[in-house]
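A.B. asks: Sharing a structure here in structure tokens format.
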Amino acid sequence: MRQIFPSPVTDIDPVEAYDEPRPPEGRPWVVTDMVASVDGGTAVAGRSGGLGGPGDKAVFRALRSIADVILVGAGTARAENYRAVVVDDAARQRRTARGQRPVPRLALVSGRLDLDPTSPMFTDAAEAPLVFTTAAAAQRSDAFTDVAEVVAAGDDAVELPVVMAQLHERAVGIVLVEGGPTLNGQLVAAGFVDEWCLSVAPMLLAGKSARVAHGPDPAAPIGLELHRLLEEDGYLFATYRVAQ
């Protein structure tokens with residue numbers, strides 16, 4: 001994998017390339033990771049896996065290796081057939097040396113709590129996932145008692161400020177958001193995205209695939225600065241951070 005920006009073109013390991021940020025006061029640093037085709041498509045036959053390649057998977061693993069929590073919407077977890085989070089031995093050692101848990105904790109956003117508690121993402125997890133849901137749904141969460149920590153984060157809808165406050169209370173420093181586009185859009189509108197990582201696949205999809213983020217408009221467009229650009233086999237891996 002070649003680094004194109006900021007330094008002259010050079011070979012680089014995406015794990016070594018990632019420099020850990022400093023979380024803002026009062027909440028975690030939020031990194032969103034998405035893959036899209038050149039024309040903006042986010043799924044092939046309903047799943048993002050058809051867009052990926054070896055480089056994309058390497059970047060995916062690198063970002064997971066630095067996260068304290070991986071946050072994902074329930075719809076994406078179902079569509080992508082999420083399983084328990086795993087990292088390799090080298091990543092575990094680096095995480096332990098940094099004072100992190102050996103494996104990132106999974107957190108899901110599900111307003112209706114429409115998740116299967118027998119799914120491997122719960123039953124095989126190294127640490128019980130967090131599930132952020134509504135107060136009404138939390139009252140019928142008995143099936144998750146032994147496999148998840150269910151958190152009421154709003155009355156009629158999951159409120160992202162409550163989610164961020166709950167993660168901060170748990171000493172979470174870095175949150176990796178893996179979508180889907182609706183959750184991404186809500187985070188953008190709420191001003192909770194600090195870094196955006198986008199893998200651009202050398203493909204044209206057309207069709208009706210959703211954008212990487214959609215939903216309510218933010219108060220104003222959010223300016224970004226290119227932080228790093230990598231390339232491998234025609235894929236581009238761009239990291240942007242919110243302009244200061």
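Identifiers in the structure tokens: chain A, B, ... in order shown; residue index from 1 per chain; ligand index from 1 in order shown.
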To test your reading of the structure, identify every residue in range 152-202 of chain A that backbone DSSP assigns to strand (DSSP E or B), and report it as JSON, numbers by chain.

C.D. replies: {"A": [152, 174, 175, 176, 177, 195, 196, 197, 198, 199, 200, 201]}

A.B. asks: Tell me, as a PyMOL selection string, which residues lie within 10 Å of Arg78 in chain A, counting only C-alpha atoms; anything in the same chain fewer than 5 positions away does not count.

C.D. replies: chain A and resi 73+83+114-116+119

A.B. asks: For C-alpha atoms, I'd like the residues from the last selection saved as a short mmCIF file (atom, residue, chain, number, x, y, z; two decimals), in the first residue's frame.

C.D. replies:
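Contents of again30.cif, as written:
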```cif
data_model
loop_
_atom_site.label_atom_id
_atom_site.label_comp_id
_atom_site.auth_asym_id
_atom_site.auth_seq_id
_atom_site.Cartn_x
_atom_site.Cartn_y
_atom_site.Cartn_z
CA GLY A 73 -26.85 0.57 13.19
CA ARG A 83 -20.34 -11.48 14.01
CA ASP A 114 -35.17 -5.74 16.60
CA LEU A 115 -32.03 -7.83 17.00
CA ASP A 116 -31.53 -11.56 17.48
CA SER A 119 -26.69 -14.06 16.91
#
```

A.B. asks: Which of these, A:Gly49, A:Pro216, A:Gly99, A:Pro120, has the shortest distance to Met34 in chain A once you count only C-alpha atoms?

C.D. replies: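 Once distances to Met34 in chain A are computed over only C-alpha atoms, the minimum belongs to A:Gly49.
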
A.B. asks: Which neighbours of range 135-139 of chain A fall inside 10 Å, counting only C-alpha atoms, when residues of the same chain fewer than 3 positions from it are skipped, and could you give them as a list in words?

C.D. replies: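 Listing them by chain and then by number gives Ser110, Gly111, Arg112, Leu113, Asp114, Val131, Phe132, Asp142, Phe144, Val150, Val151, Ala152, Ala153, Gly154, Asp155, Asp156, Ala157 and Val158 of chain A.
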
A.B. asks: Kindly indicate which residue among A:Glu80, A:Asp217, A:Asp88, A:Asp56 lies nearest to Asp33 in chain A, using only C-alpha atoms for the distances.

C.D. replies: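 Among the listed residues, A:Asp56 lies closest to Asp33 in chain A.
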
A.B. asks: Please provide the set of residues having any atom within 7 Å of range 210-212 of chain A, restricted to only C-alpha atoms, with same-chain residues fewer than 4 positions apart removed, written as an MDAnalysis selection string.

C.D. replies: chainID A and resid 34 40:42 181

A.B. asks: Find, counting only C-alpha atoms, the residue in A:Met121, A:Val175, A:Ala91, A:Leu229 that gets nearest to Val69 in chain A.

C.D. replies: A:Val175

A.B. asks: So which one's closest to Phe60 in chain A, A:Glu178, A:Thr134, A:Val9, A:Ala125? Using only C-alpha atoms, please.

C.D. replies: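 Closest to Phe60 in chain A of all the choices is A:Glu178.
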
A.B. asks: Tell me, which residues of range 133-182 of chain A carry DSSP alpha helix (DSSP H), written as a PDB file with N, CA and C atoms, in the first residue's frame?

C.D. replies:
```pdb
ATOM      1  N   ALA A 135     -36.514   3.988  25.533  1.00  0.00           N
ATOM      2  CA  ALA A 135     -36.951   3.580  26.869  1.00  0.00           C
ATOM      3  C   ALA A 135     -38.027   2.506  26.785  1.00  0.00           C
ATOM      4  N   ALA A 136     -38.967   2.635  25.828  1.00  0.00           N
ATOM      5  CA  ALA A 136     -40.031   1.637  25.697  1.00  0.00           C
ATOM      6  C   ALA A 136     -39.468   0.283  25.304  1.00  0.00           C
ATOM      7  N   ALA A 137     -38.544   0.265  24.344  1.00  0.00           N
ATOM      8  CA  ALA A 137     -37.964  -1.006  23.908  1.00  0.00           C
ATOM      9  C   ALA A 137     -37.124  -1.635  25.002  1.00  0.00           C
ATOM     10  N   ALA A 138     -36.451  -0.809  25.792  1.00  0.00           N
ATOM     11  CA  ALA A 138     -35.596  -1.333  26.864  1.00  0.00           C
ATOM     12  C   ALA A 138     -36.395  -2.102  27.899  1.00  0.00           C
ATOM     13  N   LEU A 160     -28.586  10.706  19.911  1.00  0.00           N
ATOM     14  CA  LEU A 160     -27.131  10.559  19.809  1.00  0.00           C
ATOM     15  C   LEU A 160     -26.360  11.306  20.892  1.00  0.00           C
ATOM     16  N   PRO A 161     -26.810  12.474  21.375  1.00  0.00           N
ATOM     17  CA  PRO A 161     -26.090  13.084  22.498  1.00  0.00           C
ATOM     18  C   PRO A 161     -26.063  12.181  23.732  1.00  0.00           C
ATOM     19  N   VAL A 162     -27.148  11.445  23.944  1.00  0.00           N
ATOM     20  CA  VAL A 162     -27.185  10.518  25.077  1.00  0.00           C
ATOM     21  C   VAL A 162     -26.203   9.366  24.838  1.00  0.00           C
ATOM     22  N   VAL A 163     -26.162   8.868  23.593  1.00  0.00           N
ATOM     23  CA  VAL A 163     -25.220   7.795  23.250  1.00  0.00           C
ATOM     24  C   VAL A 163     -23.792   8.246  23.524  1.00  0.00           C
ATOM     25  N   MET A 164     -23.438   9.448  23.057  1.00  0.00           N
ATOM     26  CA  MET A 164     -22.081   9.943  23.263  1.00  0.00           C
ATOM     27  C   MET A 164     -21.774  10.135  24.741  1.00  0.00           C
ATOM     28  N   ALA A 165     -22.740  10.634  25.501  1.00  0.00           N
ATOM     29  CA  ALA A 165     -22.531  10.820  26.937  1.00  0.00           C
ATOM     30  C   ALA A 165     -22.330   9.483  27.639  1.00  0.00           C
ATOM     31  N   GLN A 166     -23.109   8.479  27.231  1.00  0.00           N
ATOM     32  CA  GLN A 166     -22.980   7.157  27.835  1.00  0.00           C
ATOM     33  C   GLN A 166     -21.620   6.544  27.521  1.00  0.00           C
ATOM     34  N   LEU A 167     -21.145   6.711  26.294  1.00  0.00           N
ATOM     35  CA  LEU A 167     -19.825   6.184  25.932  1.00  0.00           C
ATOM     36  C   LEU A 167     -18.726   6.917  26.691  1.00  0.00           C
ATOM     37  N   HIS A 168     -18.861   8.229  26.829  1.00  0.00           N
ATOM     38  CA  HIS A 168     -17.874   9.008  27.573  1.00  0.00           C
ATOM     39  C   HIS A 168     -17.810   8.551  29.029  1.00  0.00           C
ATOM     40  N   GLU A 169     -18.966   8.276  29.618  1.00  0.00           N
ATOM     41  CA  GLU A 169     -19.003   7.800  31.001  1.00  0.00           C
ATOM     42  C   GLU A 169     -18.273   6.470  31.163  1.00  0.00           C
ATOM     43  N   PRO A 181     -25.689   4.226   6.272  1.00  0.00           N
ATOM     44  CA  PRO A 181     -25.826   5.613   5.853  1.00  0.00           C
ATOM     45  C   PRO A 181     -26.762   6.451   6.722  1.00  0.00           C
ATOM     46  N   THR A 182     -27.825   5.845   7.266  1.00  0.00           N
ATOM     47  CA  THR A 182     -28.753   6.617   8.108  1.00  0.00           C
ATOM     48  C   THR A 182     -28.080   7.054   9.390  1.00  0.00           C
TER      49      THR A 182
END
```

A.B. asks: For Arg61 in chain A, please output as a short mmCIF file (atom, residue, chain, number, x, y, z; two decimals) with C-alpha atoms, in the first residue's frame all residues within 10 Å (counting only C-alpha atoms; exclusion window: fewer than 2 positions along the same chain).

C.D. replies:
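The resulting file, around_30.cif, is shown below:
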```cif
data_model
loop_
_atom_site.label_atom_id
_atom_site.label_comp_id
_atom_site.auth_asym_id
_atom_site.auth_seq_id
_atom_site.Cartn_x
_atom_site.Cartn_y
_atom_site.Cartn_z
CA PRO A 14 -2.05 1.18 7.31
CA VAL A 15 -1.74 0.21 10.99
CA GLY A 55 -6.39 -3.08 0.73
CA ASP A 56 -9.86 -2.16 1.95
CA LYS A 57 -9.82 -5.09 4.34
CA ALA A 58 -6.39 -4.02 5.63
CA VAL A 59 -7.64 -0.50 6.34
CA LEU A 63 -9.23 1.09 12.11
CA ARG A 64 -10.82 -1.64 14.19
CA SER A 65 -7.51 -2.19 15.93
CA ILE A 66 -7.44 1.35 17.35
CA VAL A 86 -12.01 -10.20 16.60
CA VAL A 87 -8.50 -8.79 16.28
CA ASP A 88 -5.23 -10.64 15.71
CA ALA A 91 -3.30 -5.96 17.53
#
```

A.B. asks: Excluding same-chain residues fewer than 5 positions from Arg2 in chain A, what lies within 7 Å of it counting only C-alpha atoms, as a VMD selection string?

C.D. replies: chain A and resid 9 to 12 230 to 232

A.B. asks: Using 9 Å as the limit and counting only C-alpha atoms, can you tabulate each residue of range 10-96 of chain A that touches range 185-203 of chain A, with its shortest atom-to-atom distance in Å and the two atoms involved, as JSON lines?

C.D. replies:
```
{"residue": "A:Pro23", "atom": "CA", "partner": "A:Asp194", "partner_atom": "CA", "distance": 8.9}
{"residue": "A:Pro24", "atom": "CA", "partner": "A:Asp194", "partner_atom": "CA", "distance": 8.9}
{"residue": "A:Trp29", "atom": "CA", "partner": "A:Asp194", "partner_atom": "CA", "distance": 6.2}
{"residue": "A:Val30", "atom": "CA", "partner": "A:Val193", "partner_atom": "CA", "distance": 5.3}
{"residue": "A:Val31", "atom": "CA", "partner": "A:Glu195", "partner_atom": "CA", "distance": 4.7}
{"residue": "A:Thr32", "atom": "CA", "partner": "A:Trp196", "partner_atom": "CA", "distance": 4.9}
{"residue": "A:Asp33", "atom": "CA", "partner": "A:Cys197", "partner_atom": "CA", "distance": 4.7}
{"residue": "A:Met34", "atom": "CA", "partner": "A:Leu198", "partner_atom": "CA", "distance": 5.1}
{"residue": "A:Val35", "atom": "CA", "partner": "A:Ser199", "partner_atom": "CA", "distance": 4.5}
{"residue": "A:Ala36", "atom": "CA", "partner": "A:Val200", "partner_atom": "CA", "distance": 5.3}
{"residue": "A:Ser37", "atom": "CA", "partner": "A:Ala201", "partner_atom": "CA", "distance": 4.6}
{"residue": "A:Val38", "atom": "CA", "partner": "A:Met203", "partner_atom": "CA", "distance": 5.8}
{"residue": "A:Asp39", "atom": "CA", "partner": "A:Met203", "partner_atom": "CA", "distance": 7.6}
{"residue": "A:Gly40", "atom": "CA", "partner": "A:Val200", "partner_atom": "CA", "distance": 8.5}
{"residue": "A:Gly41", "atom": "CA", "partner": "A:Met203", "partner_atom": "CA", "distance": 8.9}
{"residue": "A:Leu51", "atom": "CA", "partner": "A:Ala201", "partner_atom": "CA", "distance": 6.1}
{"residue": "A:Gly52", "atom": "CA", "partner": "A:Ala201", "partner_atom": "CA", "distance": 7.0}
{"residue": "A:Gly53", "atom": "CA", "partner": "A:Ala201", "partner_atom": "CA", "distance": 8.2}
{"residue": "A:Asp56", "atom": "CA", "partner": "A:Ser199", "partner_atom": "CA", "distance": 6.5}
{"residue": "A:Val59", "atom": "CA", "partner": "A:Ser199", "partner_atom": "CA", "distance": 8.5}
```

A.B. asks: Restricting the calculation to only C-alpha atoms, which member of A:Ile174, A:Leu226, A:Leu236, A:Val109 is positioned closest to Val72 in chain A?

C.D. replies: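 Among the listed residues, A:Val109 lies closest to Val72 in chain A.
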
A.B. asks: Rounded to one decimal in Å, what is the spacing between CA of Glu159 in chain A and CA of Leu183 in chain A?

C.D. replies: 11.1 Å

A.B. asks: Considering only C-alpha atoms, can you say which of A:Pro221, A:Gly180, A:Gly234, A:Gly215 comes closest to Ala43 in chain A?

C.D. replies: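 Of the candidates, the smallest distance to Ala43 in chain A is held by A:Gly180.
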